[in-house]
Amino acid sequence: MATEAAPTADPSMIRTAHAAFRRDLVRTRIVVADGASGVRRTALGDHVLWLMGALHRHHEAEDALYPLVVRHDPAVAPLVATVDAEHGAISPAVGLLEEAAREYRDGAGSEVLLHALTELDSVLLPHLEREEAELVPAASRSLSPAQWASWHRQHDRSPLEVHWLVDGADARTRATVLARLPAVPRLLHGLRRAYARRFRELWVGTPAARVPALTLQNYADWA
């Protein structure tokens, strides 16, 4: 008699976050390269700093998740060690971009920020691809839905960050995000206007406003 396969964990939130990081890095490069001034320049500098804070929190959450994966599947330990090393290599590039964002916000030329974006892209983008192609599937196989849900609860996102996650995402992704965060919809409405205002300040009136969430499948169309 055949036995039913155990349900696997759903790692889609990690992929959704990665798509949001790719999207905003591309959007930022577009607007900075085209030239920005006044309120938009200030908003861009502030947003890059916020984005790097979100990336730091994302890596902290992953650092809490991956040892659990290793406990269930010791064979992935070398892969986790590689990803941990990549987190370490990304940190200096994050620091460089944060410094460049402050300088740009204070009037430095766009080349400073564009250079820092390129430096981050060179280490972050291959890392995101490795996680999605190799480590996320291992986590899905190794962890139970209950363990995955527990990890999500320990690393809840703010309502504003949820708006950021689903910006430019397809309907299925939006539904998945809200299903993972059932208490959030009641809170989202109050920050919808705040996120819309941020979107206008940063992207409206530029080609960046058309950039969707960037998955591994559609990133090349916008890079």
# chains A, B, ... in the order shown; residues from 1 in each chain; ligands from 1
$ residues_around --residues "Glu111 in chain A" --least-positions-apart "5" --cutoff "10 Å" --atoms "only C-alpha atoms" --output "list in words"
Val32, Ala33, Ala100, Tyr104, Ala116 and Leu117 of chain A
$ residues_around --residues "Ala138 in chain A" --least-positions-apart "3" --cutoff "12 Å" --atoms "only C-alpha atoms" --output "VMD selection string"
chain A and resid 8 to 11 65 to 77 79 to 80 130 to 135 141 to 144
$ write_last_selection --atoms "N, CA and C atoms" --output "PDB file, in the first residue's frame"
ATOM      1  N   THR A   8       5.287  19.299   2.201  1.00  0.00           N
ATOM      2  CA  THR A   8       6.547  20.030   2.275  1.00  0.00           C
ATOM      3  C   THR A   8       6.300  21.472   2.683  1.00  0.00           C
ATOM      4  N   ALA A   9       7.358  22.092   3.219  1.00  0.00           N
ATOM      5  CA  ALA A   9       7.264  23.500   3.584  1.00  0.00           C
ATOM      6  C   ALA A   9       7.205  24.349   2.318  1.00  0.00           C
ATOM      7  N   ASP A  10       6.623  25.518   2.447  1.00  0.00           N
ATOM      8  CA  ASP A  10       6.485  26.424   1.306  1.00  0.00           C
ATOM      9  C   ASP A  10       7.489  27.559   1.459  1.00  0.00           C
ATOM     10  N   PRO A  11       8.535  27.584   0.623  1.00  0.00           N
ATOM     11  CA  PRO A  11       9.572  28.609   0.759  1.00  0.00           C
ATOM     12  C   PRO A  11       9.316  29.858  -0.067  1.00  0.00           C
ATOM     13  N   LEU A  65      17.305  30.238  10.089  1.00  0.00           N
ATOM     14  CA  LEU A  65      16.628  29.119   9.427  1.00  0.00           C
ATOM     15  C   LEU A  65      17.582  28.008   9.013  1.00  0.00           C
ATOM     16  N   TYR A  66      18.712  28.361   8.432  1.00  0.00           N
ATOM     17  CA  TYR A  66      19.543  27.363   7.776  1.00  0.00           C
ATOM     18  C   TYR A  66      20.163  26.336   8.726  1.00  0.00           C
ATOM     19  N   PRO A  67      20.557  26.694   9.956  1.00  0.00           N
ATOM     20  CA  PRO A  67      21.028  25.641  10.866  1.00  0.00           C
ATOM     21  C   PRO A  67      19.965  24.585  11.146  1.00  0.00           C
ATOM     22  N   LEU A  68      18.709  24.990  11.160  1.00  0.00           N
ATOM     23  CA  LEU A  68      17.625  24.026  11.346  1.00  0.00           C
ATOM     24  C   LEU A  68      17.561  23.067  10.160  1.00  0.00           C
ATOM     25  N   VAL A  69      17.790  23.584   8.968  1.00  0.00           N
ATOM     26  CA  VAL A  69      17.811  22.729   7.779  1.00  0.00           C
ATOM     27  C   VAL A  69      18.939  21.704   7.891  1.00  0.00           C
ATOM     28  N   VAL A  70      20.108  22.144   8.345  1.00  0.00           N
ATOM     29  CA  VAL A  70      21.254  21.239   8.480  1.00  0.00           C
ATOM     30  C   VAL A  70      20.967  20.135   9.490  1.00  0.00           C
ATOM     31  N   ARG A  71      20.280  20.479  10.573  1.00  0.00           N
ATOM     32  CA  ARG A  71      19.966  19.447  11.570  1.00  0.00           C
ATOM     33  C   ARG A  71      19.102  18.344  10.967  1.00  0.00           C
ATOM     34  N   HIS A  72      18.251  18.696  10.039  1.00  0.00           N
ATOM     35  CA  HIS A  72      17.384  17.702   9.410  1.00  0.00           C
ATOM     36  C   HIS A  72      18.041  17.042   8.201  1.00  0.00           C
ATOM     37  N   ASP A  73      18.988  17.728   7.582  1.00  0.00           N
ATOM     38  CA  ASP A  73      19.655  17.191   6.396  1.00  0.00           C
ATOM     39  C   ASP A  73      21.130  17.591   6.436  1.00  0.00           C
ATOM     40  N   PRO A  74      21.965  16.825   7.168  1.00  0.00           N
ATOM     41  CA  PRO A  74      23.384  17.185   7.311  1.00  0.00           C
ATOM     42  C   PRO A  74      24.125  17.301   5.982  1.00  0.00           C
ATOM     43  N   ALA A  75      23.600  16.696   4.935  1.00  0.00           N
ATOM     44  CA  ALA A  75      24.285  16.749   3.641  1.00  0.00           C
ATOM     45  C   ALA A  75      24.356  18.163   3.082  1.00  0.00           C
ATOM     46  N   VAL A  76      23.483  19.054   3.542  1.00  0.00           N
ATOM     47  CA  VAL A  76      23.499  20.425   3.011  1.00  0.00           C
ATOM     48  C   VAL A  76      24.446  21.333   3.789  1.00  0.00           C
ATOM     49  N   ALA A  77      25.165  20.791   4.776  1.00  0.00           N
ATOM     50  CA  ALA A  77      26.058  21.624   5.587  1.00  0.00           C
ATOM     51  C   ALA A  77      27.085  22.381   4.745  1.00  0.00           C
ATOM     52  N   LEU A  79      26.823  23.446   1.703  1.00  0.00           N
ATOM     53  CA  LEU A  79      26.099  24.508   0.996  1.00  0.00           C
ATOM     54  C   LEU A  79      25.757  25.649   1.944  1.00  0.00           C
ATOM     55  N   VAL A  80      25.317  25.318   3.150  1.00  0.00           N
ATOM     56  CA  VAL A  80      25.006  26.356   4.132  1.00  0.00           C
ATOM     57  C   VAL A  80      26.263  27.130   4.494  1.00  0.00           C
ATOM     58  N   ARG A 130      21.863  31.315  -5.950  1.00  0.00           N
ATOM     59  CA  ARG A 130      22.282  30.064  -5.319  1.00  0.00           C
ATOM     60  C   ARG A 130      21.259  29.617  -4.270  1.00  0.00           C
ATOM     61  N   GLU A 131      20.813  30.559  -3.457  1.00  0.00           N
ATOM     62  CA  GLU A 131      19.829  30.199  -2.436  1.00  0.00           C
ATOM     63  C   GLU A 131      18.563  29.623  -3.065  1.00  0.00           C
ATOM     64  N   GLU A 132      18.063  30.292  -4.089  1.00  0.00           N
ATOM     65  CA  GLU A 132      16.803  29.847  -4.695  1.00  0.00           C
ATOM     66  C   GLU A 132      16.962  28.525  -5.446  1.00  0.00           C
ATOM     67  N   ALA A 133      18.105  28.349  -6.105  1.00  0.00           N
ATOM     68  CA  ALA A 133      18.301  27.148  -6.916  1.00  0.00           C
ATOM     69  C   ALA A 133      18.690  25.933  -6.086  1.00  0.00           C
ATOM     70  N   GLU A 134      19.391  26.145  -4.966  1.00  0.00           N
ATOM     71  CA  GLU A 134      19.948  25.019  -4.230  1.00  0.00           C
ATOM     72  C   GLU A 134      19.448  24.910  -2.795  1.00  0.00           C
ATOM     73  N   LEU A 135      19.494  26.006  -2.045  1.00  0.00           N
ATOM     74  CA  LEU A 135      19.210  25.899  -0.620  1.00  0.00           C
ATOM     75  C   LEU A 135      17.722  25.939  -0.305  1.00  0.00           C
ATOM     76  N   ARG A 141      12.300  20.552   1.399  1.00  0.00           N
ATOM     77  CA  ARG A 141      12.266  19.104   1.629  1.00  0.00           C
ATOM     78  C   ARG A 141      12.460  18.740   3.091  1.00  0.00           C
ATOM     79  N   SER A 142      13.254  19.535   3.803  1.00  0.00           N
ATOM     80  CA  SER A 142      13.702  19.144   5.138  1.00  0.00           C
ATOM     81  C   SER A 142      12.774  19.577   6.258  1.00  0.00           C
ATOM     82  N   LEU A 143      12.106  20.706   6.107  1.00  0.00           N
ATOM     83  CA  LEU A 143      11.317  21.275   7.193  1.00  0.00           C
ATOM     84  C   LEU A 143       9.844  20.960   7.015  1.00  0.00           C
ATOM     85  N   SER A 144       9.177  20.779   8.121  1.00  0.00           N
ATOM     86  CA  SER A 144       7.731  20.556   8.088  1.00  0.00           C
ATOM     87  C   SER A 144       7.010  21.891   7.942  1.00  0.00           C
TER      88      SER A 144
END
$ residues_around --residues "range 15-30 of chain A" --least-positions-apart "2" --cutoff "6 Å" --atoms "only C-alpha atoms" --output "list in words"
Ser12, Met13, Val32, Ala33, Leu165, Ala208, Ala213, Leu214 and Thr215 of chain A
$ write_last_selection --atoms "C-alpha atoms" --output "PDB file, in the first residue's frame"
ATOM      1  CA  SER A  12       7.821  31.143  -1.450  1.00  0.00           C
ATOM      2  CA  MET A  13       8.319  34.034   0.982  1.00  0.00           C
ATOM      3  CA  VAL A  32      19.777  57.542 -10.343  1.00  0.00           C
ATOM      4  CA  ALA A  33      21.206  57.081 -13.848  1.00  0.00           C
ATOM      5  CA  LEU A 165       7.001  42.710  -0.724  1.00  0.00           C
ATOM      6  CA  ALA A 208      11.332  52.520 -12.902  1.00  0.00           C
ATOM      7  CA  ALA A 213       8.908  42.091  -8.912  1.00  0.00           C
ATOM      8  CA  LEU A 214      11.984  40.457 -10.452  1.00  0.00           C
ATOM      9  CA  THR A 215      12.214  36.697 -10.202  1.00  0.00           C
TER      10      THR A 215
END
$ closest_atom_pairs --of "range 87-184 of chain A" --to "range 41-49 of chain A" --cutoff "12 Å" --atoms "only C-alpha atoms" --output "JSON lines"
{"residue": "A:Val94", "atom": "CA", "partner": "A:Leu49", "partner_atom": "CA", "distance": 9.3}
{"residue": "A:Gly95", "atom": "CA", "partner": "A:Leu49", "partner_atom": "CA", "distance": 9.7}
{"residue": "A:Leu96", "atom": "CA", "partner": "A:Leu49", "partner_atom": "CA", "distance": 11.0}
{"residue": "A:Leu97", "atom": "CA", "partner": "A:Val48", "partner_atom": "CA", "distance": 7.8}
{"residue": "A:Glu98", "atom": "CA", "partner": "A:Leu49", "partner_atom": "CA", "distance": 5.7}
{"residue": "A:Glu99", "atom": "CA", "partner": "A:Leu49", "partner_atom": "CA", "distance": 8.9}
{"residue": "A:Ala100", "atom": "CA", "partner": "A:Gly45", "partner_atom": "CA", "distance": 8.4}
{"residue": "A:Ala101", "atom": "CA", "partner": "A:Gly45", "partner_atom": "CA", "distance": 4.7}
{"residue": "A:Arg102", "atom": "CA", "partner": "A:Gly45", "partner_atom": "CA", "distance": 6.1}
{"residue": "A:Glu103", "atom": "CA", "partner": "A:Gly45", "partner_atom": "CA", "distance": 8.2}
{"residue": "A:Tyr104", "atom": "CA", "partner": "A:Gly45", "partner_atom": "CA", "distance": 6.4}
{"residue": "A:Arg105", "atom": "CA", "partner": "A:Gly45", "partner_atom": "CA", "distance": 4.9}
{"residue": "A:Asp106", "atom": "CA", "partner": "A:Thr42", "partner_atom": "CA", "distance": 7.7}
{"residue": "A:Gly107", "atom": "CA", "partner": "A:Arg41", "partner_atom": "CA", "distance": 8.3}
{"residue": "A:Ala108", "atom": "CA", "partner": "A:Arg41", "partner_atom": "CA", "distance": 10.2}
{"residue": "A:Gly109", "atom": "CA", "partner": "A:Arg41", "partner_atom": "CA", "distance": 10.7}
{"residue": "A:Ser110", "atom": "CA", "partner": "A:Arg41", "partner_atom": "CA", "distance": 9.8}
{"residue": "A:Val112", "atom": "CA", "partner": "A:Gly45", "partner_atom": "CA", "distance": 11.8}
{"residue": "A:Leu113", "atom": "CA", "partner": "A:Gly45", "partner_atom": "CA", "distance": 9.1}
{"residue": "A:Leu114", "atom": "CA", "partner": "A:Val48", "partner_atom": "CA", "distance": 11.8}
{"residue": "A:Ala116", "atom": "CA", "partner": "A:Val48", "partner_atom": "CA", "distance": 11.0}
{"residue": "A:Leu117", "atom": "CA", "partner": "A:Val48", "partner_atom": "CA", "distance": 9.8}
{"residue": "A:Leu120", "atom": "CA", "partner": "A:Val48", "partner_atom": "CA", "distance": 11.9}
{"residue": "A:Trp164", "atom": "CA", "partner": "A:His47", "partner_atom": "CA", "distance": 11.3}
$ write_last_selection --atoms "N, CA and C atoms" --output "PDB file, in the first residue's frame"
ATOM      1  N   VAL A  94      27.163  46.143   1.360  1.00  0.00           N
ATOM      2  CA  VAL A  94      26.025  46.854   1.955  1.00  0.00           C
ATOM      3  C   VAL A  94      26.509  48.134   2.620  1.00  0.00           C
ATOM      4  N   GLY A  95      27.598  48.033   3.381  1.00  0.00           N
ATOM      5  CA  GLY A  95      28.141  49.217   4.037  1.00  0.00           C
ATOM      6  C   GLY A  95      28.561  50.284   3.043  1.00  0.00           C
ATOM      7  N   LEU A  96      29.177  49.855   1.945  1.00  0.00           N
ATOM      8  CA  LEU A  96      29.579  50.800   0.899  1.00  0.00           C
ATOM      9  C   LEU A  96      28.370  51.497   0.301  1.00  0.00           C
ATOM     10  N   LEU A  97      27.299  50.735   0.057  1.00  0.00           N
ATOM     11  CA  LEU A  97      26.095  51.330  -0.527  1.00  0.00           C
ATOM     12  C   LEU A  97      25.423  52.277   0.457  1.00  0.00           C
ATOM     13  N   GLU A  98      25.409  51.929   1.727  1.00  0.00           N
ATOM     14  CA  GLU A  98      24.822  52.825   2.729  1.00  0.00           C
ATOM     15  C   GLU A  98      25.585  54.147   2.780  1.00  0.00           C
ATOM     16  N   GLU A  99      26.905  54.068   2.753  1.00  0.00           N
ATOM     17  CA  GLU A  99      27.714  55.294   2.758  1.00  0.00           C
ATOM     18  C   GLU A  99      27.446  56.117   1.501  1.00  0.00           C
ATOM     19  N   ALA A 100      27.366  55.444   0.357  1.00  0.00           N
ATOM     20  CA  ALA A 100      27.100  56.144  -0.899  1.00  0.00           C
ATOM     21  C   ALA A 100      25.718  56.781  -0.901  1.00  0.00           C
ATOM     22  N   ALA A 101      24.737  56.106  -0.304  1.00  0.00           N
ATOM     23  CA  ALA A 101      23.379  56.656  -0.248  1.00  0.00           C
ATOM     24  C   ALA A 101      23.346  57.939   0.571  1.00  0.00           C
ATOM     25  N   ARG A 102      24.081  57.957   1.665  1.00  0.00           N
ATOM     26  CA  ARG A 102      24.134  59.173   2.488  1.00  0.00           C
ATOM     27  C   ARG A 102      24.808  60.304   1.714  1.00  0.00           C
ATOM     28  N   GLU A 103      25.892  59.988   1.025  1.00  0.00           N
ATOM     29  CA  GLU A 103      26.591  61.014   0.246  1.00  0.00           C
ATOM     30  C   GLU A 103      25.706  61.530  -0.890  1.00  0.00           C
ATOM     31  N   TYR A 104      25.013  60.616  -1.555  1.00  0.00           N
ATOM     32  CA  TYR A 104      24.120  60.998  -2.648  1.00  0.00           C
ATOM     33  C   TYR A 104      22.990  61.878  -2.137  1.00  0.00           C
ATOM     34  N   ARG A 105      22.430  61.506  -1.013  1.00  0.00           N
ATOM     35  CA  ARG A 105      21.351  62.290  -0.412  1.00  0.00           C
ATOM     36  C   ARG A 105      21.823  63.703  -0.079  1.00  0.00           C
ATOM     37  N   ASP A 106      23.120  63.810   0.249  1.00  0.00           N
ATOM     38  CA  ASP A 106      23.676  65.110   0.626  1.00  0.00           C
ATOM     39  C   ASP A 106      24.260  65.874  -0.554  1.00  0.00           C
ATOM     40  N   GLY A 107      24.104  65.339  -1.777  1.00  0.00           N
ATOM     41  CA  GLY A 107      24.508  66.101  -2.950  1.00  0.00           C
ATOM     42  C   GLY A 107      25.629  65.528  -3.783  1.00  0.00           C
ATOM     43  N   ALA A 108      26.171  64.361  -3.422  1.00  0.00           N
ATOM     44  CA  ALA A 108      27.245  63.761  -4.218  1.00  0.00           C
ATOM     45  C   ALA A 108      26.720  63.358  -5.592  1.00  0.00           C
ATOM     46  N   GLY A 109      27.636  63.209  -6.536  1.00  0.00           N
ATOM     47  CA  GLY A 109      27.242  62.833  -7.886  1.00  0.00           C
ATOM     48  C   GLY A 109      26.666  61.429  -7.962  1.00  0.00           C
ATOM     49  N   SER A 110      25.921  61.177  -9.010  1.00  0.00           N
ATOM     50  CA  SER A 110      25.255  59.889  -9.159  1.00  0.00           C
ATOM     51  C   SER A 110      26.238  58.740  -9.324  1.00  0.00           C
ATOM     52  N   VAL A 112      28.771  57.945  -7.650  1.00  0.00           N
ATOM     53  CA  VAL A 112      29.114  57.321  -6.368  1.00  0.00           C
ATOM     54  C   VAL A 112      28.108  56.228  -6.030  1.00  0.00           C
ATOM     55  N   LEU A 113      26.839  56.544  -6.178  1.00  0.00           N
ATOM     56  CA  LEU A 113      25.793  55.578  -5.854  1.00  0.00           C
ATOM     57  C   LEU A 113      25.731  54.465  -6.895  1.00  0.00           C
ATOM     58  N   LEU A 114      25.912  54.798  -8.158  1.00  0.00           N
ATOM     59  CA  LEU A 114      25.878  53.774  -9.202  1.00  0.00           C
ATOM     60  C   LEU A 114      27.007  52.762  -9.018  1.00  0.00           C
ATOM     61  N   ALA A 116      28.427  51.934  -6.170  1.00  0.00           N
ATOM     62  CA  ALA A 116      28.102  51.105  -5.006  1.00  0.00           C
ATOM     63  C   ALA A 116      27.009  50.091  -5.335  1.00  0.00           C
ATOM     64  N   LEU A 117      26.054  50.474  -6.165  1.00  0.00           N
ATOM     65  CA  LEU A 117      25.022  49.528  -6.604  1.00  0.00           C
ATOM     66  C   LEU A 117      25.644  48.377  -7.392  1.00  0.00           C
ATOM     67  N   LEU A 120      27.384  45.964  -5.017  1.00  0.00           N
ATOM     68  CA  LEU A 120      26.442  45.086  -4.316  1.00  0.00           C
ATOM     69  C   LEU A 120      25.880  44.033  -5.263  1.00  0.00           C
ATOM     70  N   TRP A 164       5.745  46.542   0.509  1.00  0.00           N
ATOM     71  CA  TRP A 164       6.972  46.495  -0.292  1.00  0.00           C
ATOM     72  C   TRP A 164       7.140  45.123  -0.943  1.00  0.00           C
TER      73      TRP A 164
END
$ closest_residue --among "A:Ala175, A:Val204, A:Leu160, A:Leu125" --to "Ala220 in chain A" --atoms "only C-alpha atoms"
A:Leu125
$ residues_around --residues "Ala209 in chain A" --least-positions-apart "3" --cutoff "9 Å" --atoms "only C-alpha atoms" --output "list of chain:residue names"
A:Arg27, A:Phe199, A:Arg200, A:Leu202, A:Trp203, A:Val204, A:Gly205, A:Thr206, A:Pro212
$ residues_around --residues "Ala61 in chain A" --least-positions-apart "6" --cutoff "12 Å" --atoms "only C-alpha atoms" --output "compact mmCIF listing (two decimals) with C-alpha atoms, in the first residue's frame"
# COMPACT_ATOMS: atom_id res chain seq x y z
CA MET A 13 8.32 34.03 0.98
CA ILE A 14 12.08 33.84 0.54
CA ALA A 17 11.69 38.85 -0.79
CA ALA A 54 15.56 45.15 5.17
CA LEU A 55 18.34 43.09 3.58
CA PRO A 67 21.03 25.64 10.87
CA LEU A 68 17.62 24.03 11.35
CA HIS A 87 26.45 36.70 3.73
CA TRP A 148 8.27 26.79 8.50
CA SER A 150 7.17 28.91 13.35
CA TRP A 151 10.08 30.54 11.56
CA HIS A 152 7.70 32.98 9.87
CA ARG A 153 6.16 33.93 13.22
CA GLN A 154 9.57 34.62 14.70
CA HIS A 155 10.46 36.92 11.82
CA ASP A 156 7.25 38.83 11.19
CA ARG A 157 7.34 41.73 8.76
$ select_by_dssp --residues "chain A" --states "helix (DSSP H, G or I)" --output "PyMOL selection string"
chain A and resi 12-34+38-72+74-105+110-142+145-154+159-166+171-180+185-202+207-210+219-221
$ atom_distance --atom1 "CA of Glu201 in chain A" --atom2 "CA of Val177 in chain A"
24.9 Å
$ atom_distance --atom1 "CA of Arg210 in chain A" --atom2 "CA of Trp222 in chain A"
10.0 Å
$ closest_residue --among "A:Glu86, A:Gly168, A:Arg198, A:Pro207" --to "Arg40 in chain A" --atoms "only C-alpha atoms"
A:Arg198
